[in-house]
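Below is one structure, written out as structure tokens; the observations come after it.
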Amino acid sequence: MSEATLNAPDLAPPRHPRRRAARRSNFELASWLFMRLSGLVLVFLVLGHLLIMLFLDGGVHKVNFAFVAGRWASPFWQFWDLSMLWLAMIHGGNGMRTIINDYSRKDSTRFWLTTLLYVSVILTVALGTFVIFTFTPNFG
């Protein structure tokens with residue numbers, strides 16, 4: 001060691017608050033993996049939906065209340081539409097969560113935007129699921 005390092009004055013700690021230590025979790029890795037897998041499944045579901053709706057079922061001009069009632073009478077189509085709803089909302093919500101974390105500067109802004117995002121995703125998924133499972137073509 002040199003004489004300069006032995007006689008160096010002690011430095012005061014920095015004035016800014018210390019950042020909390022990063023927690024070790026695999027949440028971000030799981031989130032990243034989910035985005036890739038759900039995107040792949042969504043491509044299949046959405047392209048299949050468009051192929052069936054536009055070409056095999058005669059186009060969008062045939063879509064009306066009776067068409068939806070007939071389609072949702074089948075558990076297969078209920079599951080198909082429910083899978084699209086859940087995957088699309090969670091996939092989009094996860095993407096928005098990443099954007100909020102990247103671009104919000106204040107912790108309070110991040111908290112409120114994330115809370116608003118979670119509430120909107122949960123409400124949309126819950127209402128969509130409720131409609132798919134309780135839909136009935138009978139009005140009486």
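Residues are named by chain letter and number: chains run A, B, ... in the order of the structure tokens, numbers start at 1 in each chain, and ligands are numbered from 1 in the order shown.
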With only C-alpha atoms as the counted atoms, please give the residues lying no more than 9 Å from region 43-49 of chain A, apart from itself and same-chain residues fewer than 6 positions off, as a list in words.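 The residues satisfying every condition are Trp80, Asp81, Ser83 and Met84 of chain A.
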Residue contacts of region 60-69 of chain A (9 Å, only C-alpha atoms) excluding same-chain residues fewer than 3 positions away, as a compact mmCIF listing (two decimals) with C-alpha atoms, in the first residue's frame:
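As written to disk, selection25.txt reads:
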# COMPACT_ATOMS: atom_id res chain seq x y z
CA MET A 53 -65.22 -15.75 -38.06
CA LEU A 54 -64.19 -14.22 -41.38
CA ASP A 57 -68.62 -18.78 -40.74
CA TRP A 72 -71.69 -19.98 -26.69
CA ALA A 73 -74.04 -22.93 -26.37
CA PHE A 135 -75.03 -15.92 -21.01
CA THR A 136 -78.43 -17.22 -21.91
CA PRO A 137 -80.42 -16.46 -25.05
Could you go through chain A and tell me which residues DSSP, when run on the backbone, assigns to helix (DSSP H, G or I), listing them as number ranges by chain? A: 3-6, 27-56, 60-62, 65-71, 75-103, 107-134
